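*Asks:* File name start_23.csv; file contents CSV, C-alpha atoms; full text below.
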```csv
chain,number,residue,atom,x,y,z
A,1,MET,CA,10.5,25.6,-1.1
A,2,CYS,CA,7.7,23.3,-0.2
A,3,PHE,CA,9.2,20.2,-1.7
A,4,ARG,CA,12.3,20.5,0.5
A,5,ASN,CA,10.1,21.0,3.6
A,6,ILE,CA,8.2,17.9,2.8
A,7,VAL,CA,11.3,15.9,2.3
A,8,SER,CA,12.9,17.2,5.5
A,9,ALA,CA,9.7,16.5,7.5
A,10,VAL,CA,9.7,12.9,6.2
A,11,ILE,CA,13.4,12.4,7.0
A,12,LEU,CA,12.9,13.9,10.5
A,13,ILE,CA,9.9,11.7,11.3
A,14,LEU,CA,11.5,8.6,10.0
A,15,GLY,CA,14.7,9.5,11.7
A,16,LEU,CA,12.9,10.0,15.1
A,17,SER,CA,11.0,6.8,14.6
A,18,ALA,CA,14.3,4.9,14.0
A,19,CYS,CA,15.2,5.6,17.6
A,20,ALA,CA,12.0,4.0,18.9
A,21,SER,CA,11.9,0.5,20.4
A,22,THR,CA,12.8,-2.5,18.3
A,23,LEU,CA,12.1,-6.1,18.7
A,24,TYR,CA,13.6,-7.7,21.9
A,25,LEU,CA,17.0,-9.4,21.5
A,26,PRO,CA,17.5,-12.4,23.7
A,27,THR,CA,20.4,-12.5,26.1
A,28,GLU,CA,22.6,-15.3,27.6
A,29,GLN,CA,20.6,-15.0,30.8
A,30,ASP,CA,17.3,-15.7,28.9
A,31,ALA,CA,18.9,-18.8,27.4
A,32,VAL,CA,19.9,-20.0,30.9
A,33,VAL,CA,16.3,-19.4,32.2
A,34,GLN,CA,14.7,-21.1,29.2
A,35,ASN,CA,17.3,-23.9,29.4
A,36,VAL,CA,18.1,-23.7,25.7
A,37,SER,CA,21.1,-22.3,23.8
A,38,LEU,CA,21.2,-18.6,23.0
A,39,ASN,CA,21.4,-19.6,19.3
A,40,THR,CA,18.0,-21.3,19.6
A,41,LEU,CA,16.4,-18.1,20.8
A,42,ILE,CA,18.1,-16.0,18.1
A,43,ARG,CA,16.9,-18.4,15.5
A,44,GLY,CA,13.4,-18.2,16.9
A,45,ARG,CA,13.6,-14.4,16.6
A,46,GLU,CA,14.7,-14.6,13.0
A,47,LEU,CA,11.9,-17.0,12.2
A,48,TYR,CA,9.4,-14.8,13.9
A,49,ILE,CA,10.5,-11.8,11.7
A,50,SER,CA,10.6,-13.8,8.5
A,51,THR,CA,7.3,-15.7,8.9
A,52,CYS,CA,5.0,-13.5,11.1
A,53,GLY,CA,5.4,-10.0,9.5
A,54,GLY,CA,3.9,-10.8,6.2
A,55,CYS,CA,0.2,-10.2,6.9
A,56,HIS,CA,0.4,-7.8,9.7
A,57,ASN,CA,3.1,-5.9,11.4
A,58,LEU,CA,4.9,-7.9,14.1
A,59,TYR,CA,3.4,-7.7,17.6
A,60,LEU,CA,5.9,-7.0,20.4
A,61,PRO,CA,6.4,-10.1,22.6
A,62,ALA,CA,5.6,-8.1,25.7
A,63,LYS,CA,2.1,-7.4,24.4
A,64,TYR,CA,0.9,-10.8,25.5
A,65,THR,CA,1.4,-13.3,28.3
A,66,ASN,CA,3.0,-16.7,27.9
A,67,GLN,CA,-0.4,-18.4,27.9
A,68,GLU,CA,-1.8,-16.0,25.3
A,69,TRP,CA,1.2,-16.5,23.1
A,70,ILE,CA,0.8,-20.3,23.2
A,71,LEU,CA,-2.9,-19.9,22.2
A,72,ILE,CA,-2.1,-17.3,19.5
A,73,MET,CA,0.7,-19.6,18.0
A,74,GLY,CA,-1.8,-22.4,17.8
A,75,LYS,CA,-4.1,-20.1,15.7
A,76,MET,CA,-1.3,-18.5,13.6
A,77,GLN,CA,0.4,-21.8,12.7
A,78,GLU,CA,-2.5,-22.7,10.4
A,79,LYS,CA,-2.2,-19.3,8.6
A,80,THR,CA,1.6,-19.4,8.3
A,81,LYS,CA,1.9,-23.1,7.3
A,82,ILE,CA,5.0,-23.5,9.6
A,83,ASP,CA,5.8,-27.0,11.0
A,84,ASP,CA,5.8,-27.9,14.7
A,85,SER,CA,9.5,-27.4,15.2
A,86,GLN,CA,9.4,-23.9,13.7
A,87,LYS,CA,6.4,-23.2,15.9
A,88,GLU,CA,8.3,-24.3,18.9
A,89,LEU,CA,11.3,-22.1,18.0
A,90,ILE,CA,9.1,-19.0,17.6
A,91,THR,CA,7.1,-19.7,20.8
A,92,ARG,CA,10.4,-20.1,22.8
A,93,TYR,CA,11.5,-16.7,21.6
A,94,LEU,CA,8.2,-15.0,22.2
A,95,ILE,CA,7.9,-16.2,25.8
A,96,THR,CA,11.3,-15.1,26.8
A,97,SER,CA,10.1,-11.5,26.9
A,98,ALA,CA,6.3,-12.0,27.2
A,99,LYS,CA,4.2,-9.9,29.5
B,1,MET,CA,-32.5,-14.2,0.0
B,2,LYS,CA,-31.3,-17.8,0.0
B,3,LYS,CA,-28.9,-17.0,-2.7
B,4,ILE,CA,-27.5,-14.1,-0.7
B,5,LEU,CA,-27.1,-16.3,2.3
B,6,LEU,CA,-25.4,-18.9,0.2
B,7,PHE,CA,-23.1,-16.3,-1.2
B,8,VAL,CA,-22.1,-14.9,2.2
B,9,PHE,CA,-21.6,-18.4,3.4
B,10,LEU,CA,-19.3,-19.3,0.5
B,11,LEU,CA,-17.5,-16.0,0.9
B,12,ASN,CA,-16.8,-16.8,4.5
B,13,GLY,CA,-15.6,-20.2,3.6
B,14,PHE,CA,-13.1,-18.8,1.1
B,15,ILE,CA,-12.0,-15.9,3.1
B,16,MET,CA,-9.0,-16.9,5.2
B,17,LEU,CA,-6.8,-14.0,5.9
B,18,ALA,CA,-5.6,-10.7,4.6
B,19,GLN,CA,-2.7,-8.4,4.8
B,20,ASP,CA,-3.0,-5.3,6.9
B,21,ARG,CA,-2.8,-2.5,4.5
B,22,LEU,CA,-3.8,0.8,6.1
B,23,PHE,CA,-3.6,3.4,3.4
B,24,THR,CA,-5.0,3.7,-0.1
B,25,TYR,CA,-2.2,5.8,-1.8
B,26,THR,CA,0.8,5.0,0.3
B,27,TYR,CA,2.4,1.5,0.4
B,28,GLN,CA,3.8,-0.3,3.4
B,29,SER,CA,6.7,-2.7,3.4
B,30,THR,CA,4.9,-5.9,4.3
B,31,VAL,CA,5.2,-8.8,1.8
B,32,LEU,CA,3.0,-12.0,1.8
B,33,ASN,CA,4.6,-15.2,3.0
B,34,LYS,CA,5.3,-17.9,0.5
B,35,GLY,CA,2.0,-19.4,-0.8
B,36,ASN,CA,-0.3,-16.8,0.8
B,37,LYS,CA,-2.6,-15.2,-1.8
B,38,GLU,CA,-4.8,-12.1,-1.7
B,39,ILE,CA,-7.3,-10.3,-3.8
B,40,GLU,CA,-7.6,-6.5,-3.7
B,41,VAL,CA,-10.3,-4.5,-5.4
B,42,TRP,CA,-9.5,-0.8,-6.0
B,43,ASN,CA,-11.9,2.0,-7.0
B,44,THR,CA,-10.8,5.6,-7.5
B,45,TYR,CA,-13.1,8.4,-8.5
B,46,ARG,CA,-11.6,11.8,-9.6
B,47,THR,CA,-13.5,14.9,-10.4
B,48,GLY,CA,-13.2,18.6,-10.8
B,49,ARG,CA,-11.0,20.2,-13.4
B,50,ASP,CA,-11.2,23.6,-15.1
B,51,ASP,CA,-13.4,22.0,-17.7
B,52,PHE,CA,-15.8,19.1,-16.9
B,53,TYR,CA,-13.8,16.0,-15.9
B,54,ASN,CA,-14.8,12.8,-14.3
B,55,ARG,CA,-12.7,9.7,-14.1
B,56,LEU,CA,-13.2,6.2,-12.7
B,57,ASP,CA,-10.4,3.7,-12.2
B,58,HIS,CA,-11.0,0.2,-11.2
B,59,ARG,CA,-8.2,-2.3,-10.5
B,60,THR,CA,-8.5,-5.9,-9.5
B,61,GLU,CA,-5.3,-7.2,-8.0
B,62,PHE,CA,-4.1,-10.7,-7.3
B,63,GLU,CA,-1.1,-10.9,-5.0
B,64,ILE,CA,1.0,-14.0,-4.3
B,65,GLY,CA,3.8,-14.4,-1.8
B,66,LEU,CA,6.8,-16.1,-3.4
B,67,GLY,CA,9.0,-16.6,-0.3
B,68,SER,CA,12.4,-15.0,0.4
B,69,LYS,CA,10.5,-11.7,1.1
B,70,LEU,CA,9.4,-11.4,-2.5
B,71,GLN,CA,5.9,-10.9,-3.7
B,72,THR,CA,4.3,-10.5,-7.1
B,73,ALA,CA,0.9,-9.2,-8.2
B,74,PHE,CA,-1.1,-9.0,-11.3
B,75,TYR,CA,-3.6,-6.3,-12.0
B,76,LEU,CA,-6.4,-5.8,-14.5
B,77,ASN,CA,-7.1,-2.1,-14.8
B,78,LEU,CA,-10.2,-0.4,-16.3
B,79,THR,CA,-10.3,3.3,-16.7
B,80,SER,CA,-13.1,5.5,-18.0
B,81,LYS,CA,-12.8,9.3,-18.2
B,82,THR,CA,-15.3,11.8,-19.5
B,83,SER,CA,-14.2,15.4,-20.2
B,84,SER,CA,-15.6,18.3,-22.1
B,85,ASN,CA,-14.0,19.1,-25.4
B,86,ASP,CA,-14.6,21.8,-28.0
B,87,VAL,CA,-14.3,22.2,-31.7
B,88,GLY,CA,-14.7,25.9,-32.6
B,89,SER,CA,-17.7,27.0,-30.5
B,90,VAL,CA,-19.2,23.6,-30.2
B,91,LYS,CA,-18.7,21.9,-26.8
B,92,PHE,CA,-19.2,18.2,-26.4
B,93,TYR,CA,-18.4,15.4,-23.9
B,94,GLU,CA,-15.9,12.8,-24.8
B,95,THR,CA,-15.5,9.5,-23.0
B,96,GLU,CA,-12.3,7.5,-23.2
B,97,ASN,CA,-11.9,4.0,-22.0
B,98,GLU,CA,-8.7,2.1,-21.4
B,99,ILE,CA,-7.9,-1.4,-20.4
B,100,SER,CA,-4.5,-2.4,-19.1
B,101,PHE,CA,-2.6,-5.1,-17.4
B,102,SER,CA,0.1,-4.6,-14.8
B,103,ASN,CA,2.5,-6.8,-13.0
B,104,GLU,CA,4.3,-5.7,-9.8
B,105,TRP,CA,7.2,-7.1,-7.9
B,106,LYS,CA,7.9,-6.2,-4.3
B,107,LEU,CA,10.9,-7.1,-2.2
B,108,LYS,CA,11.1,-6.5,1.5
B,109,LEU,CA,14.5,-5.5,2.8
B,110,LEU,CA,13.8,-4.4,6.4
B,111,ASP,CA,11.0,-5.0,8.8
B,112,PRO,CA,9.1,-2.0,10.4
B,113,VAL,CA,9.1,-3.6,13.8
B,114,ALA,CA,12.2,-5.7,14.0
B,115,ASN,CA,14.5,-3.2,12.3
B,116,PRO,CA,14.8,0.5,13.1
B,117,ILE,CA,12.9,1.2,9.9
B,118,GLY,CA,10.9,-1.0,7.4
B,119,MET,CA,11.9,-0.8,3.8
B,120,ALA,CA,10.9,-2.4,0.5
B,121,LEU,CA,11.6,-1.9,-3.2
B,122,TYR,CA,8.8,-2.0,-5.7
B,123,GLY,CA,8.7,-2.2,-9.5
B,124,GLU,CA,5.7,-2.4,-11.8
B,125,TYR,CA,5.1,-2.4,-15.6
B,126,SER,CA,1.8,-1.8,-17.3
B,127,ILE,CA,0.7,-2.6,-20.8
B,128,GLY,CA,-2.4,-0.8,-22.0
B,129,SER,CA,-4.5,-0.4,-25.1
B,130,LYS,CA,-3.2,3.2,-25.4
B,131,GLU,CA,-0.1,3.5,-23.3
B,132,TYR,CA,2.7,1.7,-21.5
B,133,ALA,CA,4.1,2.6,-18.1
B,134,LEU,CA,7.0,1.7,-15.8
B,135,GLU,CA,6.9,2.5,-12.1
B,136,ALA,CA,9.5,2.2,-9.3
B,137,LYS,CA,9.0,2.9,-5.6
B,138,ILE,CA,11.0,3.0,-2.5
B,139,ILE,CA,8.9,2.2,0.5
B,140,LEU,CA,9.8,3.2,4.1
B,141,ASP,CA,7.6,2.6,7.1
B,142,LYS,CA,7.7,2.3,10.9
B,143,LYS,CA,5.3,1.1,13.5
B,144,ILE,CA,5.5,2.8,16.9
B,145,ASN,CA,2.9,1.7,19.4
B,146,LYS,CA,-0.4,2.7,17.9
B,147,PHE,CA,1.0,4.7,15.1
B,148,VAL,CA,2.2,3.6,11.7
B,149,VAL,CA,4.1,6.0,9.5
B,150,ALA,CA,5.0,5.3,5.9
B,151,ALA,CA,6.7,7.2,3.1
B,152,ASN,CA,7.1,6.4,-0.6
B,153,ALA,CA,9.2,8.0,-3.3
B,154,ILE,CA,7.7,7.0,-6.7
B,155,TYR,CA,9.0,7.5,-10.2
B,156,GLU,CA,6.8,6.7,-13.2
B,157,LEU,CA,7.5,6.8,-16.9
B,158,GLU,CA,4.5,6.8,-19.3
B,159,LEU,CA,4.9,6.1,-23.0
B,160,LYS,CA,2.2,7.0,-25.5
B,161,PRO,CA,2.5,6.5,-29.3
B,162,VAL,CA,2.6,9.9,-31.2
B,163,LEU,CA,0.0,10.1,-33.9
B,164,GLU,CA,1.2,13.2,-35.9
B,165,ALA,CA,2.1,12.4,-39.6
B,166,ASP,CA,5.6,13.9,-39.5
B,167,ASP,CA,6.5,12.7,-36.1
B,168,SER,CA,6.2,9.0,-35.3
B,169,GLY,CA,7.6,7.7,-32.0
B,170,TRP,CA,6.8,7.9,-28.4
B,171,GLU,CA,5.6,10.7,-26.2
B,172,LYS,CA,7.2,10.4,-22.8
B,173,GLU,CA,5.8,11.7,-19.6
B,174,ASN,CA,7.7,11.4,-16.3
B,175,LYS,CA,6.0,11.6,-12.9
B,176,ALA,CA,7.7,11.9,-9.6
B,177,ASP,CA,5.4,11.6,-6.5
B,178,PHE,CA,6.2,11.6,-2.8
B,179,ASN,CA,3.6,10.1,-0.4
B,180,PHE,CA,3.7,10.4,3.3
B,181,ALA,CA,1.1,8.8,5.5
B,182,CYS,CA,0.3,8.3,9.2
B,183,ALA,CA,-2.2,6.0,10.8
B,184,TYR,CA,-3.5,5.8,14.4
B,185,SER,CA,-5.2,2.6,15.4
B,186,PHE,CA,-7.8,3.3,18.0
B,187,SER,CA,-8.9,-0.3,18.2
B,188,GLN,CA,-7.8,-3.7,16.8
B,189,LYS,CA,-10.4,-3.1,14.0
B,190,PHE,CA,-10.2,0.6,13.2
B,191,SER,CA,-7.5,3.0,12.2
B,192,LEU,CA,-7.7,6.7,11.3
B,193,THR,CA,-5.4,7.7,8.5
B,194,LEU,CA,-3.9,10.9,7.2
B,195,GLU,CA,-2.3,10.8,3.7
B,196,ASN,CA,-0.4,13.3,1.7
B,197,SER,CA,0.6,13.0,-1.9
B,198,PHE,CA,2.9,15.5,-3.6
B,199,LYS,CA,2.5,15.0,-7.3
B,200,ASN,CA,4.8,16.2,-10.1
B,201,VAL,CA,4.7,15.9,-13.8
B,202,ILE,CA,8.0,16.4,-15.6
B,203,GLU,CA,8.3,17.2,-19.3
B,204,GLU,CA,11.5,17.7,-21.1
B,205,GLY,CA,13.4,17.8,-17.9
B,206,GLU,CA,11.3,20.4,-16.3
B,207,ILE,CA,8.5,20.3,-13.7
B,208,LYS,CA,5.4,21.3,-15.6
B,209,HIS,CA,2.7,20.5,-13.0
B,210,SER,CA,3.0,20.1,-9.3
B,211,ALA,CA,0.4,19.9,-6.5
B,212,LEU,CA,-0.2,18.6,-3.0
B,213,TYR,CA,-3.1,16.4,-2.0
B,214,SER,CA,-3.9,15.7,1.6
B,215,GLY,CA,-6.8,13.8,3.0
B,216,LEU,CA,-8.2,11.7,5.8
B,217,GLY,CA,-9.2,8.1,5.6
B,218,LEU,CA,-10.5,5.2,7.6
B,219,SER,CA,-9.2,1.6,7.7
B,220,HIS,CA,-11.3,-1.2,8.9
B,221,MET,CA,-9.8,-4.6,9.5
B,222,MET,CA,-11.7,-7.8,10.1
B,223,ASP,CA,-10.4,-11.3,10.5
B,224,ASN,CA,-10.0,-12.0,6.9
B,225,PHE,CA,-11.0,-8.8,5.2
B,226,TRP,CA,-10.0,-5.2,5.2
B,227,LEU,CA,-11.4,-2.1,3.7
B,228,ASN,CA,-9.7,1.3,3.4
B,229,PHE,CA,-11.3,4.6,2.3
B,230,THR,CA,-9.6,8.0,1.7
B,231,ILE,CA,-10.8,11.4,0.5
B,232,MET,CA,-8.0,13.3,-1.1
B,233,PRO,CA,-8.7,17.0,-1.9
B,234,GLN,CA,-6.0,19.0,-3.7
B,235,ILE,CA,-4.7,21.4,-1.1
B,236,LYS,CA,-2.2,23.6,-3.1
B,237,SER,CA,-0.6,23.8,-6.5
B,238,PHE,CA,3.1,24.7,-6.9
B,239,LYS,CA,3.3,24.7,-10.7
B,240,GLY,CA,1.0,24.8,-13.7
B,241,GLU,CA,-2.0,26.4,-12.0
B,242,TYR,CA,-4.2,28.8,-14.0
B,243,ASN,CA,-6.5,31.3,-12.3
B,244,HIS,CA,-6.6,29.4,-9.0
B,245,SER,CA,-4.5,28.4,-6.1
B,246,LEU,CA,-5.1,24.8,-7.4
B,247,ASN,CA,-3.8,23.2,-10.5
B,248,LEU,CA,-7.0,22.1,-12.2
B,249,VAL,CA,-5.4,21.6,-15.6
B,250,GLU,CA,-3.5,18.4,-14.9
B,251,PHE,CA,-5.0,17.4,-11.6
B,252,GLU,CA,-8.5,17.2,-10.1
B,253,LYS,CA,-10.0,19.0,-7.1
B,254,VAL,CA,-10.6,15.8,-5.3
B,255,GLN,CA,-10.0,12.1,-5.5
B,256,PHE,CA,-11.8,9.3,-3.6
B,257,ARG,CA,-10.3,5.9,-3.2
B,258,LEU,CA,-11.8,2.7,-1.8
B,259,ILE,CA,-9.8,-0.6,-1.6
B,260,PHE,CA,-11.1,-3.8,-0.1
B,261,SER,CA,-9.4,-7.1,0.1
B,262,TYR,CA,-9.8,-10.7,1.0
B,263,VAL,CA,-8.1,-14.0,0.4
B,264,PHE,CA,-9.8,-17.1,-1.0
```
Write the structure described by the file as structure tokens, please.
*Replies:*
Amino acid sequence: MCFRNIVSAVILILGLSACASTLYLPTEQDAVVQNVSLNTLIRGRELYISTCGGCHNLYLPAKYTNQEWILIMGKMQEKTKIDDSQKELITRYLITSAK
Amino acid sequence: MKKILLFVFLLNGFIMLAQDRLFTYTYQSTVLNKGNKEIEVWNTYRTGRDDFYNRLDHRTEFEIGLGSKLQTAFYLNLTSKTSSNDVGSVKFYETENEISFSNEWKLKLLDPVANPIGMALYGEYSIGSKEYALEAKIILDKKINKFVVAANAIYELELKPVLEADDSGWEKENKADFNFACAYSFSQKFSLTLENSFKNVIEEGEIKHSALYSGLGLSHMMDNFWLNFTIMPQIKSFKGEYNHSLNLVEFEKVQFRLIFSYVF
């Protein structure tokens, strides 16, 4: 029956997509390189997910360079209404796996 | 001319940002941040049933982010449909208008980039001059490189007052729809979309009407504004058709939908 086919196609496609890349998870090594605690980077990631995915889908950190992220964060801070310390946390996380 | 320029100027001043919705029938899991607001204007035109049938739906939606991944929206809906009717051998056109108000609530549970799959729950109620409706949706989506895929399971209950003398009460109609959509963004500003909607009308526990719509669309995104357009022809009927491979009793041959949005 067609209905079953549609449902299985949807499940298949969503299932396949579930295997695709997800957002970078910071490691101990990143924390050492950035000279911050791993917790700081993880909090930055959480803040990125909760404040930056409302208007558009999240961009992968590796899509932009450090310099580009710093510029983008300047622009996006106005839209998101986050304070400077939150901006700092998100930027830290983004540049750990920037291009 | 001056007035137009002034209007454009004001519009630009007000427009700040907008959510990136790609589809016109299928919802994605994104939810506005706390304090962000958005206006969406929907227009749907449906035409082509066995007998003459034209219908226009207009919705103006105001969305507000409430924080904690919760968003609410208020809609004012205007519907006008014209169909042919007959009494004995006399045929005539009949136009029906309806105004209704809806309120939606959307809760994002998982993010389409950060989590293996994006997910949101959606509930909406409508109060109209002729009917009431309740709608629930489960929204799934995923972004992979330049593709976004989204699927919705939708259940809707419509209640209309019964007018017959010996039978007062409510006439219930249940609808179960499944939407599946895919978008390919070929630039920052443009995406090509494919949407499928499998529509079912259930009466007394039985599927009475069932049909599949599939269509192509275009999504255009600017800094603070987006515009989506889809043409959705009926592809095949599975239940309730009469003399055709399509069901033109309950559904139309084709639907067109345009949504544009900005924030002020």
*Asks:* Give me, as a Markdown table, each residue of stretch 21-81 of chain A that comes within 10 Å of stretch 137-150 of chain B, together with its shortest interatomic pair and the distance in Å at one decimal, counting all atoms listed in the file, with rows ordered by chain and rising residue number.
*Replies:*
```
| residue | atom | partner | partner_atom | distance |
| --- | --- | --- | --- | --- |
| A:Ser21 | CA | B:Ile144 | CA | 7.6 |
| A:Thr22 | CA | B:Ile144 | CA | 9.1 |
| A:Asn57 | CA | B:Lys143 | CA | 7.6 |
| A:Leu58 | CA | B:Lys143 | CA | 9.0 |
| A:Tyr59 | CA | B:Asn145 | CA | 9.6 |
| A:Leu60 | CA | B:Asn145 | CA | 9.3 |
```
*Asks:* Those same residues, written as a PDB file, in the coordinates of the input with C-alpha atoms?
*Replies:*
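Output file out_25.pdb is given in full below:
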```
ATOM      1  CA  SER A  21      11.900   0.500  20.400  1.00  0.00           C
ATOM      2  CA  THR A  22      12.800  -2.500  18.300  1.00  0.00           C
ATOM      3  CA  ASN A  57       3.100  -5.900  11.400  1.00  0.00           C
ATOM      4  CA  LEU A  58       4.900  -7.900  14.100  1.00  0.00           C
ATOM      5  CA  TYR A  59       3.400  -7.700  17.600  1.00  0.00           C
ATOM      6  CA  LEU A  60       5.900  -7.000  20.400  1.00  0.00           C
TER       7      LEU A  60
END
```
*Asks:* What's the separation between atom CA of B:Gly67 and atom CA of B:Lys108, in Å to one decimal place?
*Replies:*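 Separation between atom CA of B:Gly67 and atom CA of B:Lys108: 10.5 Å.
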*Asks:* Kindly provide the residues of chain B that approach chain A to within 7 Å, each paired with its closest atom pair and their distance in Å to one decimal, based on all atoms listed in the file, listed by chain and increasing number, as a tab-separated table.
*Replies:*
```
residue	atom	partner	partner_atom	distance
B:Ala18	CA	A:Cys55	CA	6.3
B:Gln19	CA	A:Cys55	CA	4.0
B:Asp20	CA	A:His56	CA	5.1
B:Thr30	CA	A:Gly54	CA	5.3
B:Val31	CA	A:Gly54	CA	5.0
B:Leu32	CA	A:Gly54	CA	4.6
B:Asn33	CA	A:Gly54	CA	5.5
B:Val113	CA	A:Thr22	CA	5.9
B:Ala114	CA	A:Leu23	CA	4.7
B:Asn115	CA	A:Thr22	CA	6.3
B:Pro116	CA	A:Ala18	CA	4.5
B:Ile117	CA	A:Ala18	CA	5.7
B:Lys142	CA	A:Ser17	CA	6.7
B:Ile144	CA	A:Ala20	CA	6.9
```
*Asks:* If we count only C-alpha atoms and set the cut-off at 10 Å, which residues sit around A:Ser37, ignoring sequence neighbours fewer than 6 positions away in its own chain? Please answer as a PyMOL selection string.
*Replies:* chain A and resi 28+30-31
*Asks:* Which residues are close to stretch 63-73 of chain A, i.e. within 6 Å by all atoms listed in the file, leaving aside same-chain residues fewer than 4 positions away? Reply as an mmCIF file with C-alpha atoms, keeping the file's coordinate frame.
*Replies:*
```
data_model
loop_
_atom_site.group_PDB
_atom_site.id
_atom_site.type_symbol
_atom_site.label_atom_id
_atom_site.label_comp_id
_atom_site.auth_asym_id
_atom_site.auth_seq_id
_atom_site.Cartn_x
_atom_site.Cartn_y
_atom_site.Cartn_z
ATOM 1 C CA GLN A 77 0.400 -21.800 12.700
ATOM 2 C CA ILE A 95 7.900 -16.200 25.800
ATOM 3 C CA ALA A 98 6.300 -12.000 27.200
ATOM 4 C CA LYS A 99 4.200 -9.900 29.500
#
```
*Asks:* Go ahead and compute the interatomic distance for atom CA of B:Gly205 and atom CA of B:Leu134, in Å to one decimal.
*Replies:*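 Straight-line distance from atom CA of B:Gly205 to atom CA of B:Leu134 works out to 17.5 Å.
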*Asks:* Suppose you want the space between atom CA of B:Ser68 and atom CA of B:Ile259; what is it in Å?
*Replies:*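 Atom-to-atom, atom CA of B:Ser68 to atom CA of B:Ile259, that is 26.5 Å.
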*Asks:* Identify which of the residues A:Ala62, A:Asn35, A:Pro26, A:Leu41 lies closest to A:Arg92, counting all atoms listed in the file when measuring atom-to-atom distances.
*Replies:*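 Answer, going by the shortest atom-to-atom distance: A:Leu41.
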*Asks:* Would you pick out the contacts of stretch 208-224 of chain B at 6 Å or less, using all atoms listed in the file, so that residues sharing its chain but fewer than 6 positions from it are not included, and give the list as a ChimeraX atom specification?
*Replies:* /B:15-18,22,189-202,230-240
*Asks:* Reconstruct N, CA and C atoms of stretch 105-116 of chain B; output as a PDB file, in the frame of the given file.
*Replies:*
```
ATOM      1  N   TRP B 105       6.283  -6.251  -8.667  1.00  0.00           N
ATOM      2  CA  TRP B 105       7.200  -7.100  -7.900  1.00  0.00           C
ATOM      3  C   TRP B 105       7.620  -6.236  -6.668  1.00  0.00           C
ATOM      4  N   LYS B 106       7.572  -6.896  -5.502  1.00  0.00           N
ATOM      5  CA  LYS B 106       7.900  -6.200  -4.300  1.00  0.00           C
ATOM      6  C   LYS B 106       8.850  -7.003  -3.448  1.00  0.00           C
ATOM      7  N   LEU B 107       9.920  -6.390  -3.023  1.00  0.00           N
ATOM      8  CA  LEU B 107      10.900  -7.100  -2.200  1.00  0.00           C
ATOM      9  C   LEU B 107      11.110  -6.355  -0.908  1.00  0.00           C
ATOM     10  N   LYS B 108      10.911  -7.103   0.187  1.00  0.00           N
ATOM     11  CA  LYS B 108      11.100  -6.500   1.500  1.00  0.00           C
ATOM     12  C   LYS B 108      12.502  -6.596   1.959  1.00  0.00           C
ATOM     13  N   LEU B 109      13.081  -5.485   2.353  1.00  0.00           N
ATOM     14  CA  LEU B 109      14.500  -5.500   2.800  1.00  0.00           C
ATOM     15  C   LEU B 109      14.590  -5.424   4.309  1.00  0.00           C
ATOM     16  N   LEU B 110      13.736  -4.625   4.922  1.00  0.00           N
ATOM     17  CA  LEU B 110      13.800  -4.400   6.400  1.00  0.00           C
ATOM     18  C   LEU B 110      12.393  -4.435   6.960  1.00  0.00           C
ATOM     19  N   ASP B 111      12.276  -4.900   8.189  1.00  0.00           N
ATOM     20  CA  ASP B 111      11.000  -5.000   8.800  1.00  0.00           C
ATOM     21  C   ASP B 111      10.660  -3.779   9.705  1.00  0.00           C
ATOM     22  N   PRO B 112       9.433  -3.261   9.627  1.00  0.00           N
ATOM     23  CA  PRO B 112       9.100  -2.000  10.400  1.00  0.00           C
ATOM     24  C   PRO B 112       9.017  -2.179  11.879  1.00  0.00           C
ATOM     25  N   VAL B 113       9.030  -3.413  12.379  1.00  0.00           N
ATOM     26  CA  VAL B 113       9.100  -3.600  13.800  1.00  0.00           C
ATOM     27  C   VAL B 113      10.428  -4.091  14.284  1.00  0.00           C
ATOM     28  N   ALA B 114      10.942  -5.088  13.584  1.00  0.00           N
ATOM     29  CA  ALA B 114      12.200  -5.700  14.000  1.00  0.00           C
ATOM     30  C   ALA B 114      13.402  -4.818  13.737  1.00  0.00           C
ATOM     31  N   ASN B 115      13.364  -4.058  12.661  1.00  0.00           N
ATOM     32  CA  ASN B 115      14.500  -3.200  12.300  1.00  0.00           C
ATOM     33  C   ASN B 115      14.135  -1.748  12.664  1.00  0.00           C
ATOM     34  N   PRO B 116      15.144  -0.891  12.732  1.00  0.00           N
ATOM     35  CA  PRO B 116      14.800   0.500  13.100  1.00  0.00           C
ATOM     36  C   PRO B 116      13.846   1.116  12.074  1.00  0.00           C
TER      37      PRO B 116
END
```
